[in-house]
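S.K.: Next comes start26.pdb, PDB, C-alpha atoms, pLDDT in the B column:
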```pdb
ATOM      1  CA  ALA P   1      95.195 111.679  74.269  1.00 40.00           C
ATOM      2  CA  ARG P   2      92.552 114.211  75.172  1.00 36.00           C
ATOM      3  CA  VAL P   3      93.101 116.821  77.851  1.00 42.00           C
ATOM      4  CA  SER P   4      90.560 116.565  80.691  1.00 43.00           C
ATOM      5  CA  THR P   5      87.810 119.130  81.079  1.00 40.00           C
ATOM      6  CA  HIS P   6      89.295 120.887  84.102  1.00 40.00           C
ATOM      7  CA  ILE P   7      92.698 121.147  82.408  1.00 42.00           C
ATOM      8  CA  ALA P   8      91.024 122.639  79.363  1.00 42.00           C
ATOM      9  CA  ALA P   9      89.300 125.165  81.622  1.00 42.00           C
ATOM     10  CA  THR P  10      92.646 126.121  83.138  1.00 41.00           C
ATOM     11  CA  LEU P  11      94.106 126.577  79.661  1.00 41.00           C
ATOM     12  CA  ALA P  12      91.147 128.751  78.678  1.00 42.00           C
ATOM     13  CA  PHE P  13      91.810 130.929  81.714  1.00 39.00           C
ATOM     14  CA  ASN P  14      95.499 131.151  80.870  1.00 44.00           C
ATOM     15  CA  MET P  15      94.624 132.475  77.413  1.00 41.00           C
ATOM     16  CA  ALA P  16      91.929 134.886  78.611  1.00 44.00           C
ATOM     17  CA  GLY P  17      92.248 138.570  77.815  1.00 41.00           C
ATOM     18  CA  ALA P  18      93.057 141.388  80.203  1.00 39.00           C
ATOM     19  CA  GLY P  19      90.629 143.994  81.507  1.00 42.00           C
ATOM     20  CA  ALA P  20      87.882 144.090  84.104  1.00 41.00           C
ATOM     21  CA  ALA P  21      86.607 140.576  83.401  1.00 40.00           C
ATOM     22  CA  HIS P  22      90.095 139.176  83.934  1.00 42.00           C
ATOM     23  CA  HIS P  23      90.527 141.158  87.177  1.00 44.00           C
ATOM     24  CA  ASN P  24      87.220 139.882  88.551  1.00 44.00           C
ATOM     25  CA  PHE P  25      88.020 136.284  87.627  1.00 42.00           C
ATOM     26  CA  VAL P  26      91.394 136.491  89.381  1.00 46.00           C
ATOM     27  CA  ALA P  27      89.766 138.037  92.463  1.00 47.00           C
ATOM     28  CA  PHE P  28      87.130 135.285  92.475  1.00 45.00           C
ATOM     29  CA  GLN P  29      89.797 132.572  92.290  1.00 48.00           C
ATOM     30  CA  ILE P  30      91.774 134.189  95.113  1.00 49.00           C
ATOM     31  CA  CYS P  31      88.710 134.221  97.368  1.00 53.00           C
ATOM     32  CA  LYS P  32      87.885 130.632  96.431  1.00 50.00           C
ATOM     33  CA  LYS P  33      91.382 129.419  97.314  1.00 53.00           C
ATOM     34  CA  SER P  34      91.205 131.152 100.711  1.00 55.00           C
ATOM     35  CA  ASP P  35      88.364 128.871 101.741  1.00 54.00           C
ATOM     36  CA  GLU P  36      90.564 125.844 101.086  1.00 73.00           C
ATOM     37  CA  GLY P  37      93.796 127.057 102.716  1.00 93.00           C
ATOM     38  CA  LEU P  38      95.533 127.018  99.333  1.00 97.00           C
ATOM     39  CA  PRO P  39      97.737 129.682  97.746  1.00 98.00           C
ATOM     40  CA  SER P  40      96.374 131.824  94.944  1.00 98.00           C
ATOM     41  CA  MET P  41      99.679 131.458  93.094  1.00 98.00           C
ATOM     42  CA  ILE P  42     102.498 128.926  93.232  1.00 98.00           C
ATOM     43  CA  VAL P  43     105.848 130.208  91.960  1.00 98.00           C
ATOM     44  CA  PHE P  44     108.629 127.836  90.913  1.00 98.00           C
ATOM     45  CA  ASP P  45     112.294 128.399  90.379  1.00 98.00           C
ATOM     46  CA  LEU P  46     113.424 126.430  87.307  1.00 98.00           C
ATOM     47  CA  ASP P  47     117.115 125.410  87.295  1.00 97.00           C
ATOM     48  CA  ASP P  48     117.890 122.746  89.925  1.00 97.00           C
ATOM     49  CA  CYS P  49     114.366 123.068  91.319  1.00 98.00           C
ATOM     50  CA  LEU P  50     112.023 121.833  88.579  1.00 98.00           C
ATOM     51  CA  TRP P  51     114.622 120.534  86.144  1.00 98.00           C
ATOM     52  CA  THR P  52     118.279 119.697  85.654  1.00 97.00           C
ATOM     53  CA  PRO P  53     120.875 120.669  84.462  1.00 97.00           C
ATOM     54  CA  GLU P  54     121.111 124.428  84.760  1.00 96.00           C
ATOM     55  CA  MET P  55     120.794 126.389  81.530  1.00 97.00           C
ATOM     56  CA  HIS P  56     124.282 127.918  81.744  1.00 96.00           C
ATOM     57  CA  GLU P  57     125.786 124.416  81.777  1.00 96.00           C
ATOM     58  CA  LEU P  58     124.423 123.626  78.309  1.00 97.00           C
ATOM     59  CA  SER P  59     126.413 124.056  75.096  1.00 95.00           C
ATOM     60  CA  GLY P  60     123.367 125.326  73.194  1.00 96.00           C
ATOM     61  CA  LYS P  61     119.588 125.748  73.165  1.00 96.00           C
ATOM     62  CA  PRO P  62     117.603 122.558  73.892  1.00 97.00           C
ATOM     63  CA  SER P  63     115.605 121.953  70.706  1.00 96.00           C
ATOM     64  CA  ILE P  64     115.115 118.199  70.262  1.00 96.00           C
ATOM     65  CA  PRO P  65     112.100 116.636  72.062  1.00 97.00           C
ATOM     66  CA  VAL P  66     112.849 113.484  74.051  1.00 97.00           C
ATOM     67  CA  GLU P  67     109.981 111.007  74.366  1.00 97.00           C
ATOM     68  CA  GLY P  68     109.325 108.957  77.475  1.00 96.00           C
ATOM     69  CA  PRO P  69     106.728 108.020  80.128  1.00 96.00           C
ATOM     70  CA  LEU P  70     104.913 111.074  81.482  1.00 97.00           C
ATOM     71  CA  ASP P  71     104.011 109.408  84.794  1.00 96.00           C
ATOM     72  CA  PRO P  72     107.070 108.003  86.618  1.00 91.00           C
ATOM     73  CA  LEU P  73     104.858 105.883  88.897  1.00 93.00           C
ATOM     74  CA  VAL P  74     102.883 104.013  86.225  1.00 91.00           C
ATOM     75  CA  GLU P  75     104.360 101.081  84.322  1.00 91.00           C
ATOM     76  CA  ASN P  76     102.340 101.674  81.147  1.00 93.00           C
ATOM     77  CA  SER P  77     102.340 105.462  81.355  1.00 95.00           C
ATOM     78  CA  PRO P  78     101.273 107.512  78.335  1.00 95.00           C
ATOM     79  CA  LEU P  79     104.271 108.757  76.378  1.00 97.00           C
ATOM     80  CA  GLY P  80     105.097 112.374  75.717  1.00 98.00           C
ATOM     81  CA  THR P  81     107.928 114.885  75.659  1.00 98.00           C
ATOM     82  CA  ILE P  82     109.713 114.410  78.984  1.00 98.00           C
ATOM     83  CA  GLY P  83     112.788 116.467  78.125  1.00 98.00           C
ATOM     84  CA  MET P  84     114.544 118.675  75.606  1.00 98.00           C
ATOM     85  CA  ARG P  85     117.921 117.700  74.166  1.00 97.00           C
ATOM     86  CA  VAL P  86     120.666 119.966  72.857  1.00 96.00           C
ATOM     87  CA  ARG P  87     121.618 119.437  69.216  1.00 89.00           C
ATOM     88  CA  SER P  88     125.246 118.421  68.855  1.00 78.00           C
ATOM     89  CA  ARG P  89     127.765 120.583  67.029  1.00 66.00           C
ATOM     90  CA  ARG P  90     127.534 118.139  64.128  1.00 58.00           C
ATOM     91  CA  GLY P  91     123.761 118.679  64.005  1.00 53.00           C
ATOM     92  CA  VAL P  92     122.965 115.067  64.916  1.00 50.00           C
ATOM     93  CA  TRP P  93     121.841 113.271  68.050  1.00 50.00           C
ATOM     94  CA  ASP P  94     124.717 112.199  70.289  1.00 49.00           C
ATOM     95  CA  GLY P  95     122.829 109.288  71.817  1.00 52.00           C
ATOM     96  CA  GLU P  96     121.835 108.746  75.443  1.00 56.00           C
ATOM     97  CA  ASP P  97     124.855 110.675  76.726  1.00 58.00           C
ATOM     98  CA  GLY P  98     123.848 113.914  75.005  1.00 75.00           C
ATOM     99  CA  GLU P  99     122.804 117.002  76.963  1.00 94.00           C
ATOM    100  CA  CYS P 100     119.155 116.728  77.992  1.00 97.00           C
ATOM    101  CA  VAL P 101     117.012 118.906  80.269  1.00 98.00           C
ATOM    102  CA  CYS P 102     114.505 116.827  82.234  1.00 98.00           C
ATOM    103  CA  LEU P 103     112.205 117.403  85.183  1.00 98.00           C
ATOM    104  CA  PHE P 104     113.055 115.907  88.546  1.00 97.00           C
ATOM    105  CA  ASP P 105     110.683 113.023  89.304  1.00 96.00           C
ATOM    106  CA  GLY P 106     109.266 114.880  92.299  1.00 97.00           C
ATOM    107  CA  ALA P 107     108.675 117.999  90.206  1.00 98.00           C
ATOM    108  CA  ARG P 108     106.897 115.950  87.546  1.00 98.00           C
ATOM    109  CA  LEU P 109     104.675 114.340  90.176  1.00 97.00           C
ATOM    110  CA  ALA P 110     103.870 117.730  91.727  1.00 98.00           C
ATOM    111  CA  LEU P 111     103.032 119.293  88.374  1.00 98.00           C
ATOM    112  CA  ARG P 112     100.857 116.324  87.419  1.00 98.00           C
ATOM    113  CA  GLU P 113      99.017 116.725  90.714  1.00 97.00           C
ATOM    114  CA  LEU P 114      98.404 120.397  89.950  1.00 98.00           C
ATOM    115  CA  ALA P 115      97.219 119.542  86.437  1.00 98.00           C
ATOM    116  CA  LEU P 116      94.995 116.568  87.251  1.00 97.00           C
ATOM    117  CA  ASN P 117      93.605 117.060  90.767  1.00 97.00           C
ATOM    118  CA  PRO P 118      90.456 119.248  90.726  1.00 96.00           C
ATOM    119  CA  LYS P 119      91.381 120.420  94.228  1.00 96.00           C
ATOM    120  CA  TYR P 120      94.037 122.665  92.714  1.00 97.00           C
ATOM    121  CA  LYS P 121      91.976 124.029  89.835  1.00 95.00           C
ATOM    122  CA  GLY P 122      92.299 127.801  89.622  1.00 93.00           C
ATOM    123  CA  ILE P 123      95.694 128.080  91.329  1.00 98.00           C
ATOM    124  CA  MET P 124      97.876 130.252  89.101  1.00 98.00           C
ATOM    125  CA  LEU P 125     101.373 128.991  88.356  1.00 98.00           C
ATOM    126  CA  ALA P 126     104.411 131.137  87.668  1.00 98.00           C
ATOM    127  CA  ALA P 127     108.169 130.882  87.178  1.00 98.00           C
ATOM    128  CA  ALA P 128     110.811 133.046  88.853  1.00 98.00           C
ATOM    129  CA  SER P 129     114.249 132.239  87.473  1.00 97.00           C
ATOM    130  CA  SER P 130     117.508 134.172  87.300  1.00 96.00           C
ATOM    131  CA  SER P 131     118.615 131.988  84.384  1.00 96.00           C
ATOM    132  CA  LEU P 132     121.674 133.171  82.472  1.00 96.00           C
ATOM    133  CA  GLU P 133     120.066 131.809  79.284  1.00 97.00           C
ATOM    134  CA  PRO P 134     116.381 132.837  79.281  1.00 98.00           C
ATOM    135  CA  SER P 135     115.825 131.637  75.706  1.00 98.00           C
ATOM    136  CA  TYR P 136     116.937 128.137  76.737  1.00 98.00           C
ATOM    137  CA  SER P 137     114.504 128.233  79.655  1.00 98.00           C
ATOM    138  CA  HIS P 138     111.631 129.268  77.384  1.00 98.00           C
ATOM    139  CA  ALA P 139     112.469 126.469  74.943  1.00 98.00           C
ATOM    140  CA  CYS P 140     112.122 123.946  77.762  1.00 98.00           C
ATOM    141  CA  LEU P 141     108.868 125.487  78.998  1.00 98.00           C
ATOM    142  CA  HIS P 142     107.413 125.269  75.501  1.00 98.00           C
ATOM    143  CA  GLY P 143     108.632 121.725  74.860  1.00 98.00           C
ATOM    144  CA  ILE P 144     108.301 119.645  78.028  1.00 98.00           C
ATOM    145  CA  GLU P 145     104.912 118.027  78.617  1.00 98.00           C
ATOM    146  CA  VAL P 146     103.319 117.238  81.998  1.00 98.00           C
ATOM    147  CA  VAL P 147     100.383 115.242  80.642  1.00 97.00           C
ATOM    148  CA  PRO P 148      99.675 114.543  76.958  1.00 97.00           C
ATOM    149  CA  GLU P 149      99.211 117.797  75.031  1.00 96.00           C
ATOM    150  CA  LEU P 150      99.834 119.950  78.125  1.00 98.00           C
ATOM    151  CA  THR P 151     103.239 121.638  78.328  1.00 98.00           C
ATOM    152  CA  LEU P 152     104.826 123.633  81.113  1.00 98.00           C
ATOM    153  CA  ARG P 153     104.152 126.742  79.011  1.00 98.00           C
ATOM    154  CA  ASP P 154     100.436 125.877  79.003  1.00 98.00           C
ATOM    155  CA  MET P 155     100.408 125.555  82.794  1.00 98.00           C
ATOM    156  CA  PHE P 156     102.457 128.645  83.680  1.00 98.00           C
ATOM    157  CA  ARG P 157     100.410 131.809  83.307  1.00 98.00           C
ATOM    158  CA  PHE P 158     103.241 134.130  84.384  1.00 98.00           C
ATOM    159  CA  ASP P 159     107.010 134.011  84.184  1.00 98.00           C
ATOM    160  CA  GLN P 160     109.880 136.301  85.065  1.00 98.00           C
ATOM    161  CA  ILE P 161     113.086 134.765  83.719  1.00 98.00           C
ATOM    162  CA  GLY P 162     116.550 136.303  83.553  1.00 97.00           C
ATOM    163  CA  ARG P 163     118.627 138.893  85.375  1.00 97.00           C
ATOM    164  CA  THR P 164     118.601 141.929  83.084  1.00 95.00           C
ATOM    165  CA  GLY P 165     116.351 144.975  82.745  1.00 95.00           C
ATOM    166  CA  GLU P 166     113.913 145.012  85.651  1.00 95.00           C
ATOM    167  CA  LEU P 167     115.323 141.706  86.926  1.00 96.00           C
ATOM    168  CA  SER P 168     118.481 141.065  88.927  1.00 96.00           C
ATOM    169  CA  PRO P 169     120.001 137.925  90.495  1.00 94.00           C
ATOM    170  CA  ARG P 170     117.804 138.647  93.551  1.00 96.00           C
ATOM    171  CA  LYS P 171     114.431 136.909  93.257  1.00 96.00           C
ATOM    172  CA  THR P 172     112.777 139.850  95.012  1.00 97.00           C
ATOM    173  CA  THR P 173     112.876 141.632  91.647  1.00 97.00           C
ATOM    174  CA  HIS P 174     111.096 138.719  89.986  1.00 98.00           C
ATOM    175  CA  PHE P 175     108.400 138.733  92.656  1.00 98.00           C
ATOM    176  CA  ARG P 176     107.937 142.480  92.347  1.00 98.00           C
ATOM    177  CA  GLU P 177     107.202 142.016  88.644  1.00 98.00           C
ATOM    178  CA  LEU P 178     104.975 138.976  89.209  1.00 98.00           C
ATOM    179  CA  HIS P 179     102.949 140.932  91.745  1.00 98.00           C
ATOM    180  CA  LYS P 180     102.584 143.892  89.366  1.00 97.00           C
ATOM    181  CA  GLU P 181     101.620 141.628  86.477  1.00 97.00           C
ATOM    182  CA  SER P 182      99.172 139.341  88.290  1.00 98.00           C
ATOM    183  CA  GLY P 183      97.738 141.496  91.077  1.00 98.00           C
ATOM    184  CA  VAL P 184      98.124 138.577  93.507  1.00 98.00           C
ATOM    185  CA  PRO P 185      99.162 139.739  97.006  1.00 98.00           C
ATOM    186  CA  TYR P 186     102.551 138.479  98.146  1.00 98.00           C
ATOM    187  CA  GLU P 187     101.061 136.746 101.177  1.00 97.00           C
ATOM    188  CA  GLU P 188      98.921 134.620  98.860  1.00 98.00           C
ATOM    189  CA  MET P 189     101.939 133.197  97.014  1.00 98.00           C
ATOM    190  CA  LEU P 190     103.924 130.015  97.675  1.00 98.00           C
ATOM    191  CA  PHE P 191     107.493 129.793  96.378  1.00 98.00           C
ATOM    192  CA  PHE P 192     109.764 126.795  95.732  1.00 98.00           C
ATOM    193  CA  ASP P 193     113.519 127.294  95.139  1.00 97.00           C
ATOM    194  CA  ASP P 194     116.626 125.117  95.499  1.00 96.00           C
ATOM    195  CA  CYS P 195     118.524 128.036  97.135  1.00 88.00           C
ATOM    196  CA  ASN P 196     121.903 126.619  96.114  1.00 84.00           C
ATOM    197  CA  TRP P 197     123.090 130.008  94.791  1.00 77.00           C
ATOM    198  CA  GLY P 198     121.808 132.050  97.709  1.00 77.00           C
ATOM    199  CA  ASP P 199     118.863 131.798 100.070  1.00 92.00           C
ATOM    200  CA  HIS P 200     116.188 133.209  97.783  1.00 94.00           C
ATOM    201  CA  CYS P 201     113.472 131.705  99.948  1.00 96.00           C
ATOM    202  CA  ALA P 202     114.559 133.645 103.036  1.00 95.00           C
ATOM    203  CA  ASP P 203     115.030 136.791 100.941  1.00 96.00           C
ATOM    204  CA  VAL P 204     111.508 136.878  99.468  1.00 97.00           C
ATOM    205  CA  THR P 205     109.970 135.820 102.778  1.00 97.00           C
ATOM    206  CA  ARG P 206     111.792 138.561 104.674  1.00 97.00           C
ATOM    207  CA  THR P 207     111.127 141.220 102.008  1.00 97.00           C
ATOM    208  CA  TYR P 208     107.552 140.458 100.979  1.00 98.00           C
ATOM    209  CA  GLY P 209     106.158 137.831 103.359  1.00 97.00           C
ATOM    210  CA  VAL P 210     105.971 135.143 100.667  1.00 98.00           C
ATOM    211  CA  VAL P 211     105.683 131.621 102.108  1.00 98.00           C
ATOM    212  CA  SER P 212     108.563 129.579 100.711  1.00 98.00           C
ATOM    213  CA  GLN P 213     109.948 126.033 100.662  1.00 98.00           C
ATOM    214  CA  ARG P 214     113.521 125.010  99.847  1.00 97.00           C
ATOM    215  CA  THR P 215     114.241 122.164  97.418  1.00 98.00           C
ATOM    216  CA  PRO P 216     118.024 121.782  97.798  1.00 96.00           C
ATOM    217  CA  SER P 217     118.385 118.594  95.725  1.00 96.00           C
ATOM    218  CA  GLY P 218     115.645 119.261  93.201  1.00 97.00           C
ATOM    219  CA  MET P 219     111.964 119.149  94.056  1.00 98.00           C
ATOM    220  CA  THR P 220     110.612 116.054  95.775  1.00 98.00           C
ATOM    221  CA  ILE P 221     106.919 115.330  96.143  1.00 98.00           C
ATOM    222  CA  GLU P 222     107.393 115.489  99.911  1.00 98.00           C
ATOM    223  CA  GLU P 223     108.742 119.035  99.644  1.00 98.00           C
ATOM    224  CA  PHE P 224     105.788 119.997  97.460  1.00 98.00           C
ATOM    225  CA  TYR P 225     103.293 118.841 100.094  1.00 98.00           C
ATOM    226  CA  ARG P 226     105.437 120.337 102.873  1.00 98.00           C
ATOM    227  CA  GLY P 227     105.229 123.703 101.138  1.00 98.00           C
ATOM    228  CA  LEU P 228     101.442 123.456 100.824  1.00 98.00           C
ATOM    229  CA  GLU P 229     101.131 122.572 104.494  1.00 98.00           C
ATOM    230  CA  LYS P 230     103.426 125.446 105.479  1.00 98.00           C
ATOM    231  CA  TYR P 231     101.242 127.792 103.458  1.00 98.00           C
ATOM    232  CA  ARG P 232      98.057 126.426 105.068  1.00 97.00           C
ATOM    233  CA  GLN P 233      99.467 127.020 108.540  1.00 96.00           C
ATOM    234  CA  GLU P 234     100.619 130.548 107.710  1.00 95.00           C
ATOM    235  CA  SER P 235      97.241 131.318 106.160  1.00 94.00           C
ATOM    236  CA  GLN P 236      95.498 130.223 109.340  1.00 93.00           C
ATOM    237  CA  LYS P 237      97.749 132.476 111.419  1.00 90.00           C
ATOM    238  CA  ARG P 238      96.848 135.409 109.202  1.00 86.00           C
ATOM    239  CA  GLY P 239      93.155 134.630 109.425  1.00 82.00           C
ATOM    240  CA  GLY P 240      92.816 133.641 105.756  1.00 60.00           C
ATOM    241  CA  HIS P 241      93.002 135.834 102.677  1.00 54.00           C
ATOM    242  CA  ARG P 242      91.457 139.264 102.408  1.00 48.00           C
ATOM    243  CA  CYS P 243      88.824 138.807  99.726  1.00 55.00           C
ATOM    244  CA  ASP P 244      87.352 141.646  97.713  1.00 46.00           C
ATOM    245  CA  LYS P 245      83.693 141.657  98.736  1.00 36.00           C
ATOM    246  CA  ASN P 246      82.815 143.984  95.846  1.00 37.00           C
ATOM    247  CA  VAL P 247      83.864 141.661  93.029  1.00 35.00           C
ATOM    248  CA  SER P 248      81.069 141.617  90.437  1.00 33.00           C
TER     249      SER P 248
END
```
Written as structure tokens, that's how I'd like the structure from this file.
M.R.:
Amino acid sequence: ARVSTHIAATLAFNMAGAGAAHHNFVAFQICKKSDEGLPSMIVFDLDDCLWTPEMHELSGKPSIPVEGPLDPLVENSPLGTIGMRVRSRRGVWDGEDGECVCLFDGARLALRELALNPKYKGIMLAAASSSLEPSYSHACLHGIEVVPELTLRDMFRFDQIGRTGELSPRKTTHFRELHKESGVPYEEMLFFDDCNWGDHCADVTRTYGVVSQRTPSGMTIEEFYRGLEKYRQESQKRGGHRCDKNVS
């Protein structure tokens, strides 16, 4: 299947180089989103928010693609890689009961909306995860598809995964690095997290003013839209984004 034009444009942006041209494009997108009451960046936790199970629960790195319907709402959905399975100790597939990392249905629907709806074109996506197994997380990002030929890795421009070096179990460290890397102001970010290992949403909101939405049982499509509406309301209270009038 062919990737639509606006998805291809998003991919081209995600692979663009750094420098002044990149800075101006980001600034332009931020200003554009402000007119629509949308965030400039949406940040997702991974374990128990976008997918299940958690990486530390696995016996090894997920490396075997699992094929299935990419759209959970369509009977004859296109097929693609809907999950990544862990190879058994014997090096063979253990059948349907083997360990498999898959997106929650609500997360898949939300990501498909971001990929396919032109309304959300230009919103940057990022991951903020305190995963104990970052290499497992990256394997899933690279393998799992949202639409045919479009993986999570293709959609996510930025990621801060782990809890070593500059990162700690507190998501405030991940947001500090995302802000430094992207240049997006904290108040123009929207964050989704299950918060089952601590209230990361309250922490980043209190520390940086990031609008956040909890997904305690894995993301649902209702929580996705609730987060967008919460962001829209907060943006209105702040009087919209502060755009750089001198962007050339």
S.K.: For Arg112 of chain P, which residue out of P:Arg226, P:Arg87, P:Thr151, P:Thr81 is the nearest one, using only C-alpha atoms?
M.R.: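 Among the listed residues, the smallest separation from Arg112 of chain P belongs to P:Thr151.
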S.K.: Which residues, written as a list in words, have at least one atom at most 6 Å from Phe192 of chain P, with all atoms listed in the file counted and residues fewer than 3 positions away on the same chain left out?
M.R.: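 Near Phe192 of chain P, the qualifying residues are Phe44, Ser212, Gln213 and Arg214 of chain P.
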S.K.: Taking all atoms listed in the file into account, name the residue in P:Ile221, P:Ile144, P:Val101, P:Leu167 that is nearest to Lys61 of chain P.
M.R.: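 The answer is P:Val101, which sits nearest to Lys61 of chain P.
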S.K.: Could you write out as a list in words the residues that the PyMOL selection byres ((chain P and resi 236) around 12) matches in the shown file?
M.R.: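 That expression, the PyMOL selection byres ((chain P and resi 236) around 12), corresponds here to Ser34, Asp35, Glu36, Gly37, Leu38, Pro39, Glu187, Glu188, Glu229, Lys230, Tyr231, Arg232, Gln233, Glu234, Ser235, Lys237, Arg238, Gly239, Gly240 and His241 of chain P.
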S.K.: Could you check how far atom CA of Thr207 of chain P sits from atom CA of Pro134 of chain P, in Å to one decimal?
M.R.: 24.8 Å
S.K.: Need the shell around Gly162 of chain P: protein/DNA/RNA residues with any atom at most 12 Å away, counting all atoms listed in the file. Skip same-chain ones fewer than 2 positions apart. Format as a list in words?
M.R.: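 Everything that qualifies: Asp45, Leu46, Asp47, Met55, His56, Ala127, Ala128, Ser129, Ser130, Ser131, Leu132, Glu133, Pro134, Ser135, Tyr136, Ser137, His138, Asp159, Gln160, Thr164, Gly165, Glu166, Leu167, Ser168, Pro169, Arg170, Lys171, Thr173 and His174 of chain P.
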S.K.: Could you tell me, as number ranges by chain, which residues have any atom at most 9 Å from (119.7, 122.0, 99.4), counting only C-alpha atoms?
M.R.: P: 194-196, 214-218
S.K.: Restricting the output to C-alpha atoms, write the selected residues as a short mmCIF file (atom, residue, chain, number, x, y, z; two decimals), keeping the file's coordinate frame.
M.R.:
```
data_model
loop_
_atom_site.label_atom_id
_atom_site.label_comp_id
_atom_site.auth_asym_id
_atom_site.auth_seq_id
_atom_site.Cartn_x
_atom_site.Cartn_y
_atom_site.Cartn_z
CA ASP P 194 116.63 125.12 95.50
CA CYS P 195 118.52 128.04 97.14
CA ASN P 196 121.90 126.62 96.11
CA ARG P 214 113.52 125.01 99.85
CA THR P 215 114.24 122.16 97.42
CA PRO P 216 118.02 121.78 97.80
CA SER P 217 118.38 118.59 95.72
CA GLY P 218 115.64 119.26 93.20
#
```
S.K.: Atom CA of Asp48 of chain P to atom CA of Cys102 of chain P: how many Å, to one decimal?
M.R.: 10.3 Å
S.K.: What does the PyMOL selection byres ((chain P and resi 82) around 10) select in this file, as a list in words?
M.R.: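 With the PyMOL selection byres ((chain P and resi 82) around 10) on this model, the match is Pro65, Val66, Glu67, Gly68, Pro69, Leu70, Asp71, Leu79, Gly80, Thr81, Gly83, Met84, Cys100, Val101, Cys102, Leu103, Arg108, Cys140, Gly143, Ile144, Glu145, Val146, Val147 and Thr151 of chain P.
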S.K.: Mind pulling up the distance from atom CA of Glu177 of chain P to atom CA of Arg206 of chain P?
M.R.: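 These two atoms are separated by 17.0 Å.
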S.K.: Can you sort out segment 40-55 of chain P so it carries N, CA and C atoms, written as a PDB file, in the frame of the given file?
M.R.:
```
ATOM      1  N   SER P  40      96.941 131.350  96.207  1.00 98.00           N
ATOM      2  CA  SER P  40      96.374 131.824  94.944  1.00 98.00           C
ATOM      3  C   SER P  40      97.348 131.611  93.802  1.00 98.00           C
ATOM      4  N   MET P  41      98.650 131.650  94.120  1.00 98.00           N
ATOM      5  CA  MET P  41      99.679 131.458  93.094  1.00 98.00           C
ATOM      6  C   MET P  41     100.816 130.629  93.670  1.00 98.00           C
ATOM      7  N   ILE P  42     101.294 129.676  92.891  1.00 98.00           N
ATOM      8  CA  ILE P  42     102.498 128.926  93.232  1.00 98.00           C
ATOM      9  C   ILE P  42     103.577 129.323  92.246  1.00 98.00           C
ATOM     10  N   VAL P  43     104.735 129.730  92.777  1.00 98.00           N
ATOM     11  CA  VAL P  43     105.848 130.208  91.960  1.00 98.00           C
ATOM     12  C   VAL P  43     107.000 129.206  92.083  1.00 98.00           C
ATOM     13  N   PHE P  44     107.528 128.797  90.941  1.00 98.00           N
ATOM     14  CA  PHE P  44     108.629 127.836  90.913  1.00 98.00           C
ATOM     15  C   PHE P  44     109.891 128.468  90.347  1.00 98.00           C
ATOM     16  N   ASP P  45     111.003 128.230  91.023  1.00 98.00           N
ATOM     17  CA  ASP P  45     112.294 128.399  90.379  1.00 98.00           C
ATOM     18  C   ASP P  45     112.401 127.294  89.333  1.00 98.00           C
ATOM     19  N   LEU P  46     113.300 127.425  88.378  1.00 98.00           N
ATOM     20  CA  LEU P  46     113.424 126.430  87.307  1.00 98.00           C
ATOM     21  C   LEU P  46     114.684 125.576  87.471  1.00 98.00           C
ATOM     22  N   ASP P  47     115.871 126.168  87.244  1.00 97.00           N
ATOM     23  CA  ASP P  47     117.115 125.410  87.295  1.00 97.00           C
ATOM     24  C   ASP P  47     117.338 124.804  88.678  1.00 97.00           C
ATOM     25  N   ASP P  48     117.590 123.495  88.699  1.00 97.00           N
ATOM     26  CA  ASP P  48     117.890 122.746  89.925  1.00 97.00           C
ATOM     27  C   ASP P  48     116.738 122.717  90.920  1.00 97.00           C
ATOM     28  N   CYS P  49     115.571 123.194  90.505  1.00 98.00           N
ATOM     29  CA  CYS P  49     114.366 123.068  91.319  1.00 98.00           C
ATOM     30  C   CYS P  49     113.356 122.193  90.582  1.00 98.00           C
ATOM     31  N   LEU P  50     112.914 122.651  89.400  1.00 98.00           N
ATOM     32  CA  LEU P  50     112.023 121.833  88.579  1.00 98.00           C
ATOM     33  C   LEU P  50     112.792 120.883  87.675  1.00 98.00           C
ATOM     34  N   TRP P  51     113.910 121.368  87.106  1.00 98.00           N
ATOM     35  CA  TRP P  51     114.622 120.534  86.144  1.00 98.00           C
ATOM     36  C   TRP P  51     116.121 120.617  86.340  1.00 98.00           C
ATOM     37  N   THR P  52     116.814 119.745  85.652  1.00 97.00           N
ATOM     38  CA  THR P  52     118.279 119.697  85.654  1.00 97.00           C
ATOM     39  C   THR P  52     118.733 119.320  84.246  1.00 97.00           C
ATOM     40  N   PRO P  53     119.913 119.800  83.793  1.00 97.00           N
ATOM     41  CA  PRO P  53     120.875 120.669  84.462  1.00 97.00           C
ATOM     42  C   PRO P  53     120.467 122.128  84.359  1.00 97.00           C
ATOM     43  N   GLU P  54     121.344 123.002  84.878  1.00 96.00           N
ATOM     44  CA  GLU P  54     121.111 124.428  84.760  1.00 96.00           C
ATOM     45  C   GLU P  54     121.400 124.897  83.336  1.00 96.00           C
ATOM     46  N   MET P  55     120.695 125.947  82.918  1.00 97.00           N
ATOM     47  CA  MET P  55     120.794 126.389  81.530  1.00 97.00           C
ATOM     48  C   MET P  55     122.209 126.814  81.156  1.00 97.00           C
TER      49      MET P  55
END
```
